[in-house]
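Novice: Dropping in target34.txt, which is compact mmCIF, C-alpha atoms:
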# COMPACT_ATOMS: atom_id res chain seq x y z
CA MET Y 221 9.73 -30.55 -5.61
CA GLY Y 222 11.91 -33.19 -7.22
CA ASP Y 223 14.83 -35.13 -5.79
CA GLY Y 224 18.38 -36.26 -6.49
CA GLU Y 225 21.20 -34.00 -7.69
CA LYS Y 226 18.85 -31.38 -9.13
CA ARG Y 227 17.06 -31.05 -5.81
CA ALA Y 228 20.37 -30.83 -3.93
CA ALA Y 229 21.57 -28.06 -6.24
CA SER Y 230 18.25 -26.28 -5.86
CA ASP Y 231 18.48 -26.49 -2.08
CA ASP Y 232 21.97 -24.96 -2.18
CA VAL Y 233 20.73 -22.04 -4.26
CA ARG Y 234 17.75 -21.61 -1.95
CA LYS Y 235 20.01 -21.47 1.11
CA LEU Y 236 22.25 -18.90 -0.57
CA LEU Y 237 19.32 -16.69 -1.61
CA PHE Y 238 17.65 -16.86 1.77
CA GLU Y 239 20.88 -15.91 3.51
CA ALA Y 240 21.55 -13.06 1.08
CA ALA Y 241 18.00 -11.72 1.35
CA SER Y 242 18.14 -11.85 5.13
CA ARG Y 243 21.50 -10.09 5.40
CA LEU Y 244 20.66 -7.47 2.78
CA ASP Y 245 17.16 -6.88 4.18
CA ALA Y 246 15.69 -7.48 0.71
CA GLY Y 247 12.05 -6.60 0.13
CA HIS Y 248 11.42 -10.05 -1.30
CA ILE Y 249 12.86 -12.90 -3.34
CA LYS Y 250 11.23 -13.31 -6.73
CA ILE Y 251 10.27 -16.91 -7.45
CA GLY Y 252 8.62 -18.79 -10.33
CA THR Y 253 7.76 -22.26 -11.52
CA ALA Y 254 9.37 -24.38 -14.21
CA PHE Y 255 8.76 -23.49 -17.84
CA GLY Y 256 6.16 -25.57 -19.66
CA ASN Y 257 2.43 -25.86 -20.09
CA ALA Y 258 0.19 -24.34 -17.45
CA LEU Y 259 -1.02 -26.77 -14.83
CA ASP Y 260 -4.68 -27.79 -14.89
CA SER Y 261 -4.76 -27.36 -11.11
CA ILE Y 262 -2.68 -25.42 -8.60
CA ASP Y 263 -3.21 -28.14 -5.97
CA PRO Y 264 0.18 -29.89 -6.44
CA LEU Y 265 1.99 -26.62 -5.76
CA VAL Y 266 0.22 -25.56 -2.58
CA ALA Y 267 2.08 -27.71 -0.04
CA PRO Y 268 5.59 -27.20 -1.53
CA LEU Y 269 5.12 -23.43 -1.73
CA ARG Y 270 3.72 -23.34 1.80
CA ASP Y 271 6.79 -25.22 3.05
CA LEU Y 272 9.05 -22.79 1.17
CA ALA Y 273 7.20 -19.82 2.64
CA ASP Y 274 7.49 -21.22 6.15
CA GLU Y 275 11.22 -21.72 5.71
CA ALA Y 276 11.58 -18.18 4.37
CA ALA Y 277 9.51 -16.77 7.24
CA ASP Y 278 11.96 -18.18 9.77
CA LEU Y 279 14.54 -15.80 8.29
CA GLY Y 280 12.17 -12.87 7.86
CA VAL Y 281 12.14 -13.29 4.07
CA ARG Y 282 9.16 -12.62 1.78
CA LEU Y 283 8.51 -14.53 -1.48
CA ALA Y 284 7.01 -12.86 -4.55
CA LEU Y 285 5.63 -15.32 -7.12
CA GLU Y 286 5.93 -14.20 -10.75
CA ALA Y 287 3.43 -15.87 -13.07
CA MET Y 288 4.70 -16.27 -16.65
CA PRO Y 289 2.69 -17.34 -19.72
CA PHE Y 290 5.26 -20.01 -20.60
CA SER Y 291 5.38 -21.51 -17.10
CA MET Y 292 3.33 -23.87 -14.92
CA VAL Y 293 1.64 -20.86 -13.28
CA SER Y 294 0.81 -18.92 -16.40
CA SER Y 295 -1.18 -15.87 -15.30
CA VAL Y 296 -1.57 -13.45 -12.42
CA PRO Y 297 -5.08 -14.73 -11.56
CA MET Y 298 -3.72 -18.29 -11.36
CA GLY Y 299 -0.81 -17.08 -9.24
CA ALA Y 300 -3.15 -15.17 -6.95
CA ASP Y 301 -5.24 -18.31 -6.44
CA LEU Y 302 -2.09 -20.23 -5.51
CA VAL Y 303 -0.86 -17.57 -3.08
CA ARG Y 304 -4.23 -17.42 -1.36
CA ALA Y 305 -4.31 -21.22 -1.09
CA VAL Y 306 -0.84 -21.17 0.49
CA ASP Y 307 -2.16 -18.62 2.99
CA ARG Y 308 1.11 -17.28 4.32
CA ALA Y 309 1.62 -13.57 5.02
CA ASN Y 310 5.13 -13.65 3.53
CA CYS Y 311 4.01 -15.17 0.20
CA GLY Y 312 2.61 -12.83 -2.43
CA ILE Y 313 2.50 -11.89 -6.11
CA LEU Y 314 4.84 -9.90 -8.33
CA VAL Y 315 3.12 -8.29 -11.33
CA ASP Y 316 5.20 -7.81 -14.50
CA SER Y 317 3.33 -6.02 -17.28
CA TRP Y 318 4.93 -8.19 -19.99
CA HIS Y 319 3.64 -11.36 -18.35
CA VAL Y 320 0.23 -9.80 -17.73
CA PHE Y 321 -0.45 -8.77 -21.31
CA ARG Y 322 1.31 -11.64 -23.08
CA ALA Y 323 -0.81 -14.05 -20.98
CA GLY Y 324 -3.93 -12.29 -22.27
CA THR Y 325 -4.95 -11.09 -18.81
CA SER Y 326 -7.32 -8.14 -18.99
CA ILE Y 327 -7.18 -5.13 -16.71
CA ALA Y 328 -10.57 -6.19 -15.32
CA ASP Y 329 -9.25 -9.68 -14.54
CA LEU Y 330 -6.18 -8.17 -12.92
CA ARG Y 331 -8.25 -5.99 -10.62
CA ALA Y 332 -10.60 -8.84 -9.78
CA SER Y 333 -7.81 -11.25 -8.87
CA LEU Y 334 -5.53 -9.01 -6.80
CA SER Y 335 -5.69 -7.29 -3.43
CA ALA Y 336 -3.20 -5.10 -1.62
CA ASP Y 337 -2.28 -7.78 0.92
CA ILE Y 338 -0.85 -10.16 -1.68
CA LEU Y 339 0.73 -7.64 -4.07
CA PHE Y 340 4.46 -7.56 -3.24
CA GLY Y 341 5.98 -5.94 -6.32
CA VAL Y 342 5.41 -4.44 -9.77
CA GLU Y 343 7.63 -4.36 -12.86
CA LEU Y 344 6.78 -2.17 -15.85
CA ASP Y 345 7.87 -2.74 -19.44
CA ASP Y 346 6.35 -2.68 -22.91
CA ALA Y 347 6.37 -4.71 -26.13
CA ALA Y 348 5.15 -4.74 -29.71
CA GLU Y 349 1.59 -5.83 -30.42
CA ALA Y 350 2.76 -9.07 -32.06
CA VAL Y 351 5.09 -11.53 -30.32
CA VAL Y 352 8.56 -11.55 -31.90
CA GLY Y 353 9.79 -15.14 -32.18
CA THR Y 354 8.78 -17.45 -29.35
CA LEU Y 355 7.30 -16.07 -26.14
CA PHE Y 356 10.63 -16.64 -24.40
CA GLU Y 357 12.56 -14.89 -27.19
CA ASP Y 358 10.10 -12.01 -27.04
CA THR Y 359 10.50 -11.56 -23.29
CA ARG Y 360 14.28 -11.98 -23.35
CA ASP Y 361 15.25 -9.98 -26.44
CA HIS Y 362 12.46 -7.66 -27.55
CA ARG Y 363 10.95 -5.75 -24.64
CA LEU Y 364 10.46 -2.02 -25.18
CA LEU Y 365 10.68 1.02 -22.95
CA CYS Y 366 7.42 1.97 -21.26
CA GLY Y 367 5.12 3.81 -23.65
CA GLN Y 368 6.89 2.60 -26.79
CA GLY Y 369 4.77 -0.51 -27.34
CA SER Y 370 1.22 -1.80 -27.29
CA PHE Y 371 0.56 -2.52 -23.60
CA ASP Y 372 -2.09 -0.58 -21.67
CA LEU Y 373 0.38 0.48 -19.00
CA ILE Y 374 -1.75 3.44 -17.95
CA GLY Y 375 -4.68 1.11 -17.30
CA LEU Y 376 -2.41 -1.29 -15.43
CA VAL Y 377 -0.96 1.44 -13.19
CA GLN Y 378 -4.44 2.78 -12.51
CA ALA Y 379 -5.76 -0.69 -11.68
CA LEU Y 380 -2.93 -1.48 -9.28
CA THR Y 381 -3.24 1.92 -7.64
CA ALA Y 382 -6.96 1.35 -7.21
CA ILE Y 383 -6.34 -1.82 -5.20
CA GLY Y 384 -3.89 -0.01 -2.94
CA TRP Y 385 -0.43 -0.28 -4.53
CA ARG Y 386 1.68 2.83 -3.83
CA GLY Y 387 5.00 1.71 -5.20
CA PRO Y 388 7.82 1.26 -5.68
CA TRP Y 389 7.35 0.85 -9.42
CA GLY Y 390 10.10 -1.35 -10.83
CA VAL Y 391 11.23 -1.30 -14.46
CA GLU Y 392 12.39 -4.43 -16.28
CA ILE Y 393 13.51 -3.80 -19.84
CA ILE Y 394 15.13 -6.91 -21.32
CA SER Y 395 16.16 -6.59 -24.96
CA ASP Y 396 19.11 -6.81 -27.33
CA ASP Y 397 18.90 -3.09 -28.08
CA TYR Y 398 18.69 -2.08 -24.43
CA ARG Y 399 21.62 -4.29 -23.42
CA ALA Y 400 23.79 -2.49 -26.01
CA LEU Y 401 23.31 0.91 -24.35
CA GLU Y 402 25.82 2.55 -22.03
CA LEU Y 403 24.70 1.93 -18.43
CA THR Y 404 23.81 5.46 -17.36
CA THR Y 405 21.97 6.06 -20.64
CA ALA Y 406 19.99 2.85 -20.21
CA LEU Y 407 19.05 3.71 -16.63
CA ASP Y 408 17.99 7.22 -17.57
CA GLN Y 409 15.81 6.00 -20.44
CA ALA Y 410 14.14 3.39 -18.23
CA ARG Y 411 13.44 5.90 -15.46
CA ARG Y 412 12.15 8.64 -17.73
CA SER Y 413 9.87 6.37 -19.78
CA ALA Y 414 8.36 4.66 -16.72
CA SER Y 415 7.95 7.95 -14.86
CA ALA Y 416 6.06 9.45 -17.79
CA VAL Y 417 3.59 6.55 -17.84
CA ILE Y 418 3.07 6.61 -14.07
CA GLU Y 419 2.59 10.38 -13.97
CA GLU Y 420 0.02 10.26 -16.77
CA ALA Y 421 -1.84 7.37 -15.12
CA LEU Y 422 -2.02 9.15 -11.77
CA ARG Y 423 -3.18 12.55 -13.03
Can I see the file as structure tokens?
Specialist:
Amino acid sequence: MGDGEKRAASDDVRKLLFEAASRLDAGHIKIGTAFGNALDSIDPLVAPLRDLADEAADLGVRLALEAMPFSMVSSVPMGADLVRAVDRANCGILVDSWHVFRAGTSIADLRASLSADILFGVELDDAAEAVVGTLFEDTRDHRLLCGQGSFDLIGLVQALTAIGWRGPWGVEIISDDYRALELTTALDQARRSASAVIEEALR
């Protein structure tokens, strides 16, 4: 969508990402919409996303749409509706627990909106009960390790497992405190905390 210099720059980035994903045999490219208020209708996005998916398919690339509460596609159910309207096998949904719970999506709504055929990826993370700063500041600077916050991660893992997800389970901890850690320490903490949640959920 769009035109002029911004569209040209976007097309260059798209070409680079498609080529990289194809050569590296990436599982998918994560995509999202512009930040702003949620659209009243997904209709304007169907044709552009279908064209993007068709272009990606020519290179054997899959697209995983990440819905974010501060973007035009603001929730997983809305994203799932869009993906189904696009109706391309290489276009699916990426579920990030921060975006699920900060959008106010319930576990029941998550289970009702998703199916195994459109679920392309999962990212686990946690956060305090109250948003710290703006939503964008909260997601960028204040995420917590799995199990250290308020999110029902056990319910989320159980719900996604129930619809057929078998992994891999990604971890996305974005925070000032986490960025300050030594790399191997940060990786170990992320793995251990996520593993503990997954193991408890799958008992």
Novice: Please report, as a Markdown table, each residue of range 364-392 of chain Y lying at most 8 Å from range 343-348 of chain Y, together with the nearest pair of atoms and the separation in Å rounded to one decimal; use all atoms listed in the file, and order rows by chain and ascending residue number.
Specialist:
| residue | atom | partner | partner_atom | distance |
| --- | --- | --- | --- | --- |
| Y:Leu364 | CA | Y:Asp346 | CA | 4.7 |
| Y:Leu365 | CA | Y:Asp346 | CA | 5.7 |
| Y:Cys366 | CA | Y:Asp346 | CA | 5.0 |
| Y:Gly367 | CA | Y:Asp346 | CA | 6.6 |
| Y:Gln368 | CA | Y:Asp346 | CA | 6.6 |
| Y:Gly369 | CA | Y:Ala347 | CA | 4.7 |
| Y:Ser370 | CA | Y:Ala348 | CA | 5.5 |
| Y:Phe371 | CA | Y:Asp346 | CA | 5.8 |
| Y:Leu373 | CA | Y:Leu344 | CA | 7.6 |
| Y:Trp389 | CA | Y:Glu343 | CA | 6.2 |
| Y:Gly390 | CA | Y:Glu343 | CA | 4.4 |
| Y:Val391 | CA | Y:Leu344 | CA | 4.7 |
| Y:Glu392 | CA | Y:Asp345 | CA | 5.8 |
Novice: Using all atoms listed in the file, pick whichever of Y:Arg412, Y:Arg386, Y:Arg270, Y:Lys235 has the shortest atom-to-atom distance to Leu339 in chain Y.
Specialist: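 When distances to Leu339 in chain Y are compared using all atoms listed in the file, the smallest one comes from Y:Arg386.
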Novice: With distances taken over only C-alpha atoms, which of Y:Gly341, Y:Gly324, Y:Pro264, Y:Gly280 is nearest to Pro297 in chain Y?
Specialist: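 Going through Y:Gly341, Y:Gly324, Y:Pro264, Y:Gly280 one by one, the smallest distance to Pro297 in chain Y is for Y:Gly324.
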Novice: Using all atoms listed in the file, can you tell me which of Y:Leu272, Y:Val293, Y:Ile383, Y:Ala240 comes closest to Asn257 in chain Y?
Specialist: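 Residue with the minimum atom-to-atom distance to Asn257 in chain Y: Y:Val293.
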Novice: Excluding Ser242 in chain Y and any residue of its chain fewer than 5 positions from it, enumerate the residues within 9 Å of it, using all atoms listed in the file, and give them as a list in words.
Specialist: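 Final neighbour list, sorted by chain and number: Leu237, Leu279, Gly280 and Val281 of chain Y.
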Novice: Give the padded box for range 265-269 of chain Y as AutoDock Vina command-line options: axis-aligned, covering all atoms listed in the file, 8 Å on each side, centre and edge lengths in Å to one decimal.
Specialist:
--center_x 2.9 --center_y -25.6 --center_z -2.9 --size_x 21.4 --size_y 20.3 --size_z 21.7
Novice: Ala267 in chain Y: which residues within 12 Å, counting all atoms listed in the file, same-chain residues fewer than 6 positions away excluded, as a list in words?
Specialist: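 Those residues are Met221, Ala273, Asp274, Leu302, Val303, Ala305, Val306, Asp307 and Arg308 of chain Y.
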Novice: Take the residues from that selection and put them in a file with C-alpha atoms, as a compact mmCIF listing (two decimals), keeping the file's coordinate frame.
Specialist:
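Output (out11.txt):
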# COMPACT_ATOMS: atom_id res chain seq x y z
CA MET Y 221 9.73 -30.55 -5.61
CA ALA Y 273 7.20 -19.82 2.64
CA ASP Y 274 7.49 -21.22 6.15
CA LEU Y 302 -2.09 -20.23 -5.51
CA VAL Y 303 -0.86 -17.57 -3.08
CA ALA Y 305 -4.31 -21.22 -1.09
CA VAL Y 306 -0.84 -21.17 0.49
CA ASP Y 307 -2.16 -18.62 2.99
CA ARG Y 308 1.11 -17.28 4.32
Novice: Place a sphere of radius 8 Å on (12.7, -10.0, -2.6) in the file coordinates and name every protein, DNA or RNA residue with an atom inside or on its surface, counting all atoms listed in the file; give the answer as a list in words.
Specialist: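 Result, sorted by chain then residue number: Ala241, Ala246, Gly247, His248, Ile249, Lys250, Val281, Arg282, Leu283 and Ala284 of chain Y.
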Novice: Go ahead and write the residues just picked, C-alpha atoms, as a PDB file, in the frame of the given file.
Specialist:
ATOM      1  CA  ALA Y 241      18.000 -11.720   1.350  1.00  0.00           C
ATOM      2  CA  ALA Y 246      15.690  -7.480   0.710  1.00  0.00           C
ATOM      3  CA  GLY Y 247      12.050  -6.600   0.130  1.00  0.00           C
ATOM      4  CA  HIS Y 248      11.420 -10.050  -1.300  1.00  0.00           C
ATOM      5  CA  ILE Y 249      12.860 -12.900  -3.340  1.00  0.00           C
ATOM      6  CA  LYS Y 250      11.230 -13.310  -6.730  1.00  0.00           C
ATOM      7  CA  VAL Y 281      12.140 -13.290   4.070  1.00  0.00           C
ATOM      8  CA  ARG Y 282       9.160 -12.620   1.780  1.00  0.00           C
ATOM      9  CA  LEU Y 283       8.510 -14.530  -1.480  1.00  0.00           C
ATOM     10  CA  ALA Y 284       7.010 -12.860  -4.550  1.00  0.00           C
TER      11      ALA Y 284
END
Novice: In Å, with one decimal, what is the gap from CA of Ile262 in chain Y to CA of Thr359 in chain Y?
Specialist: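 Taking CA of Ile262 in chain Y and CA of Thr359 in chain Y, their separation equals 24.1 Å.
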Novice: Looking at Y:Ile251, Y:Val351, Y:Ala400, Y:Ile394, which one is nearest to Val315 in chain Y, with distances taken over only C-alpha atoms?
Specialist: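 For Val315 in chain Y, the nearest of the candidates is Y:Ile251.
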Novice: Give me the residues within 8 Å of Phe290 in chain Y as a PyMOL selection string, counting all atoms listed in the file and dropping any in the same chain fewer than 4 places off.
Specialist: chain Y and resi 255-258+294+355-356
Novice: Could the residues in this selection be saved with C-alpha atoms as a CSV table (one decimal), keeping the file's coordinate frame?
Specialist:
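Dumped everything to again-v6.csv:
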chain,number,residue,atom,x,y,z
Y,255,PHE,CA,8.8,-23.5,-17.8
Y,256,GLY,CA,6.2,-25.6,-19.7
Y,257,ASN,CA,2.4,-25.9,-20.1
Y,258,ALA,CA,0.2,-24.3,-17.4
Y,294,SER,CA,0.8,-18.9,-16.4
Y,355,LEU,CA,7.3,-16.1,-26.1
Y,356,PHE,CA,10.6,-16.6,-24.4
Novice: I'd like to know which of Y:Glu349, Y:Asp358, Y:Asp232, Y:Glu402 is closest to Asp372 in chain Y, using only C-alpha atoms.
Specialist: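 Of all the options, Y:Glu349 lies closest to Asp372 in chain Y.
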